[in-house]
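The structure under discussion appears below in the form of structure tokens.
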Amino acid sequence: MSRIPTICPFCGCGCNFYLMVDGGHVIGVEPNPANPVNRGMLCAKGWNCHEFVQSPDRLKLPLIRKDGELVESTWDEALDLVCTRLKDLGEKHGPDSLGFLSSAKVTNEENYLFMKMARGVFKTNNVDHCARL
Amino acid sequence: MAGLAAAFGSGAMTNSISEFEDADLFLVTGSNTTAQHPLIGSRIINAVEKGAKLILIDPREIPLAPFATLHLKQNIGTDVAVLNAMMNFIIQEECYDKEFVEARTEGFDALKASVARYTPKVSEMITGIKASDLNRAATMYAKADKAMLVYAMGITQHTTGTDNVKSCANLAMLTGHVGRSSTGVNPLRGQNNVQGACDMGGLPGVFTGYQRVNDGAVKKKFEDAWGISGLDDKPGLTITGMIAAAHRGDLKALYIMGENPLMSDPDVTHVERSLSNLDFLVVQDIFLSETAALADVVLPAACFAEKEGTYTNTERRVQLSRKAVSPPGQARADWEIVAEVCKRCGLAADYRSPGEIMNEINKLTPSYAGITYSRLSSGYGLSWPCPNTDHPGTPYLHRDQFTKGKGSFLPCDFKPVSEVPDEEYDFTLTTGRVYFQYHTGTMTRRVDLLEREAPEPLVEMNPEDAKKLGIRNSDMVEVSSRRGSITLKAEVTDRVPRRVLFTTFHFHEAQVNLLTNPVHDPIAEIPEYKGCAVKVRRCS
């Protein structure tokens with residue numbers, strides 16, 4: 001079994017804990033008493049946060065809408081469609097016809113890259129996230 | 001954030017979580033801390049048990065209430081009047097911090113003139129709080145040595161949210177309660193990386209570290225670093241603006257990463273119409289959320305346990321999270337997906353790891369310059385500003401001067417909520433969260449224990465109102481606003497005052513955001529979730 005240090009995915013406290021991993025599965029959560037943020041404590045959400053990770057409802061394949069229905073596709077097809085459509089719409093209607101919603105739940109590096117994409121690739125400052133909500 | 005940035009030069013929490021335990025007094029308003037930030041809530045309770053005082057300003061009997069020295073239950077949306085009345089009393093009694101006001105702030109005379117209108121009589125009438133209680137709270141706060149003002153969405157989610165925040169900042173500066181250890185103004189951020197998303201430029205007007213898009217030198221720096229030209233130098237649209245533009249047909253495509261606006265935004269009927277109006281919608285998420293179900297393309301993402309990266313918590317502490325397991329099926333980390341889109345569209349993005357992305361952030365962001373993976377690998381994170389790799393990080397802000405130099409008093413006048421109750425819609429509905437669920441429920445509703453404890457939506461209603469309407473505990477009721485209606489169980493409780501209903505936005509079975517009013521604060525564009533007019537009846 002291994003113990004991997006991670007940060008709780010819920011509120012802004014930023015509690016630390018180890019995910020207990022056995023055979024490629026997360027089997028539990030163990031907070032570190034030495035950590036100054038949560039000092040070995042967690043709330044009910046934190047203690048149980050490994051459960052949704054392994055939910056059978058997780059998305060496993062890209063989906064594309066065809067004839068009104070979302071159907072499974074390959075990464076190549078999905079990413080090509082995203083790039084082509086965004087580029088076409090941006091060229092036809094101008095960069096500000098595109099919008100990008102970043103996330104208060106993903107990492108700093110991912111937020112950075114997402115805003116780099118919006119600004120650097122698609123040349124729009126229509127980029128926000130849901131801190132307001 | 002806009003309000004605090006205007007007053008202090010930075011919109012972030014001024015203190016760190018560890019400092020809570022040494023405060024002498026807390027003024028908590030618009031934060032159900034034990035439910036939304038449980039580990040900070042427990043710090044407050046620990047401090048109170050060691051002798052600290054707690055002033056609570058909240059219309060509801062929240063779990064912190066039994067620990068409060070003084071609990072002021074204001075009429076919903078009257079926060080500016082409450083804070084102005086306190087400031088007026090403090091100035092009248094001359095117990096403000098004259099030295100601090102003189103040396104570190106500007107605009108005192110205008111503040112004094114503005115709050116003078118909030119006499120005990122006027123304030124009592126607006127806020128519903130007895131003047132003697134307001135005065136007592138004012139004196140306790142002003143005279144405390146180390147006082148922490150703590151707020152969350154109960155302050156910001158109003159049409160007057162920016163004014164509410166400015167008033168909090170005014171009160172703290174007036175009493176000199178900012179810029180010291182265990183002394184400051186602390187907005188608690190709701191999600192695990194709200195602070196980071198803001199810091200990283202996930203906002204329409206700024207790049208990383210709040211560097212403005214309309215500053216020519218900043219624009220050039222980013223163009224050079226990214227090897228491109230032609231970055232746009234006018235601020236873009238907020239989420240609220242994008243939804244409106246989609247509705248008008250001006251916005252043609254939207255790429256949403258890890259958000260669920262179809263549950264979280266006000267007046268979701270309007271949001272759904274707007275999203276359906278788009279030519280192209282991409283949603284990148286870990287579950288098929290309500291929003292993803294509308295998309296043209298859905299990209300499966302890795303969750304926190306399945307990738308490496310840093311998160312910045314509410315106290316500005318940047319912490320490194322490691323990869324514990326592989327994502328399910330073909331799901332990929334968000335950074336890998338976005339890098340792939342960049343590459344396919346011709347922008348260099350050959351990152352082998354999140355650490356390489358952080359190197360780029362370090363170079364472009366003065367406040368993050370010293371926050372490197374090698375430093376984060378040992379210890380427990382670093383709080384920005386951290387300008388170089390020898391810097392220990394900054395637990396509390398504004399020590400010798402405010403980020404912007406002198407702090408600005410920004411006086412505000414009371415304005416009522418935009419939709420006040422009338423004869424037909426005779427209740428005020430306010431929304432929030434419960435301890436066992438989180439946000440739109442996509443994660444917590446898939447956890448058995450949490451579902452056992454909070455399995456269904458409830459609407460809290462005062463016993464006197466319930467009696468009048470013939471509603472008993474656990475009866476099904478219909479709650480309607482001008483925008484929609486939902487059906488859910490009544491919880492008859494004196495936690496809520498008369499004529500007020502409270503429910504949460506966790507449950508898709510009774511989406512409270514069908515009811516909420518999409519009006520928003522003119523500056524921060526935060527919607528008024530905390531007050532709209534509704535009517536209620538028992539379902540037959």
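Simple scheme: letters A, B, ... for chains in structure tokens order, numbers from 1 for residues in each chain, numbers from 1 for ligands in the order shown.
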Open item on the list: Residues within 10 Å of Thr78 in chain B, please, as a count of residues only. Count only C-alpha atoms; anything in the same chain fewer than 5 positions from it doesn't count.
Closed with: 12
Open item on the list: Residues of chain A within 6 Å of chain B, counting only C-alpha atoms, what are they? List them as a ChimeraX atom specification.
Closed with: /A:4-7,9-14,24,51-52,58-65,97-105,107-112,115,117,123,125-128,131-132
File dump, residues just selected, C-alpha atoms, as a PDB file, in the first residue's frame:
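So again-v5.pdb came out as:
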```
ATOM      1  CA  ILE A   4       0.243   9.818  -1.710  1.00  0.00           C
ATOM      2  CA  PRO A   5       0.004  13.437  -0.477  1.00  0.00           C
ATOM      3  CA  THR A   6      -2.958  15.308  -2.025  1.00  0.00           C
ATOM      4  CA  ILE A   7      -5.172  18.328  -1.357  1.00  0.00           C
ATOM      5  CA  PRO A   9     -11.049  18.825  -3.682  1.00  0.00           C
ATOM      6  CA  PHE A  10     -13.862  20.622  -1.863  1.00  0.00           C
ATOM      7  CA  CYS A  11     -13.825  23.995  -0.051  1.00  0.00           C
ATOM      8  CA  GLY A  12     -11.122  26.686   0.071  1.00  0.00           C
ATOM      9  CA  CYS A  13      -9.547  25.533   3.371  1.00  0.00           C
ATOM     10  CA  GLY A  14      -7.040  23.427   1.409  1.00  0.00           C
ATOM     11  CA  GLY A  24      -4.308   0.964  -8.167  1.00  0.00           C
ATOM     12  CA  GLU A  51     -15.547   7.647  -2.936  1.00  0.00           C
ATOM     13  CA  PHE A  52     -16.556   9.781  -5.919  1.00  0.00           C
ATOM     14  CA  ARG A  58     -17.097   8.794 -14.244  1.00  0.00           C
ATOM     15  CA  LEU A  59     -16.655   9.828 -17.870  1.00  0.00           C
ATOM     16  CA  LYS A  60     -14.217   7.448 -19.590  1.00  0.00           C
ATOM     17  CA  LEU A  61     -14.338   8.375 -23.275  1.00  0.00           C
ATOM     18  CA  PRO A  62     -14.829  11.586 -25.256  1.00  0.00           C
ATOM     19  CA  LEU A  63     -18.401  12.109 -26.439  1.00  0.00           C
ATOM     20  CA  ILE A  64     -19.599  13.860 -29.592  1.00  0.00           C
ATOM     21  CA  ARG A  65     -23.171  14.833 -30.403  1.00  0.00           C
ATOM     22  CA  SER A  97     -17.719  35.380 -30.275  1.00  0.00           C
ATOM     23  CA  LEU A  98     -15.856  32.735 -28.240  1.00  0.00           C
ATOM     24  CA  GLY A  99     -16.020  32.277 -24.470  1.00  0.00           C
ATOM     25  CA  PHE A 100     -13.906  30.241 -22.049  1.00  0.00           C
ATOM     26  CA  LEU A 101     -14.960  29.214 -18.534  1.00  0.00           C
ATOM     27  CA  SER A 102     -12.054  28.096 -16.403  1.00  0.00           C
ATOM     28  CA  SER A 103     -12.458  26.246 -13.138  1.00  0.00           C
ATOM     29  CA  ALA A 104     -12.047  26.866  -9.429  1.00  0.00           C
ATOM     30  CA  LYS A 105     -11.686  23.082  -9.002  1.00  0.00           C
ATOM     31  CA  THR A 107      -4.975  23.112 -10.576  1.00  0.00           C
ATOM     32  CA  ASN A 108      -3.087  26.377 -10.992  1.00  0.00           C
ATOM     33  CA  GLU A 109      -1.155  24.952 -13.922  1.00  0.00           C
ATOM     34  CA  GLU A 110      -4.406  23.989 -15.651  1.00  0.00           C
ATOM     35  CA  ASN A 111      -5.966  27.388 -15.047  1.00  0.00           C
ATOM     36  CA  TYR A 112      -2.830  29.028 -16.427  1.00  0.00           C
ATOM     37  CA  MET A 115      -6.227  31.184 -20.022  1.00  0.00           C
ATOM     38  CA  MET A 117      -5.219  28.991 -24.747  1.00  0.00           C
ATOM     39  CA  LYS A 123      -7.155  35.964 -29.013  1.00  0.00           C
ATOM     40  CA  ASN A 125     -10.142  37.898 -23.038  1.00  0.00           C
ATOM     41  CA  ASN A 126     -13.575  36.283 -22.606  1.00  0.00           C
ATOM     42  CA  VAL A 127     -12.183  34.068 -19.858  1.00  0.00           C
ATOM     43  CA  ASP A 128     -13.680  33.744 -16.395  1.00  0.00           C
ATOM     44  CA  ALA A 131     -15.766  32.463  -8.189  1.00  0.00           C
ATOM     45  CA  ARG A 132     -18.771  34.727  -8.419  1.00  0.00           C
TER      46      ARG A 132
END
```
Task: strand (DSSP E or B) per DSSP on the backbone: members of chain A, as an MDAnalysis selection string - done: chainID A and resid 2:7 16:22 25:30 63:66 69:72 98:101 127:128
TODO: With a distance cut-off of 6 Å and only C-alpha atoms, select the neighbouring residues of Tyr151 in chain B, excluding the residue or stretch itself and same-chain residues fewer than 6 positions from it, and output the selection as JSON, numbers by chain.
DONE: {"B": [28, 29, 30, 31, 187]}
- [ ] Measure the distance from CA of Ala2 in chain B to CA of Phe402 in chain B in Å and round it to one decimal.
- [x] 15.3 Å
Open item on the list: Need to verify the contact set: Gly184 in chain B, 10 Å, only C-alpha atoms, exclusion of same-chain residues closer than 4 positions in sequence. Can you return it as a ChimeraX atom specification?
Closed with: /B:13-16,23,26,146-150,169,172-173,176-180,396-398
TODO: Mind the document's chain letters and residue numbers, and return as a VMD selection string the residues of range 41-76 of chain A that DSSP labels alpha helix (DSSP H).
DONE: chain A and resid 44 to 47 50 to 53 75 to 76
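The two atoms in question, CA of Ser418 in chain B and CA of Leu134 in chain B, are spaced 24.6 Å apart.
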Open item on the list: Could you list, as a ChimeraX atom specification, every residue within 10 Å of Gly23 in chain A, counting only C-alpha atoms and ignoring same-chain residues fewer than 4 positions away?
Closed with: /A:1-2,27 /B:325
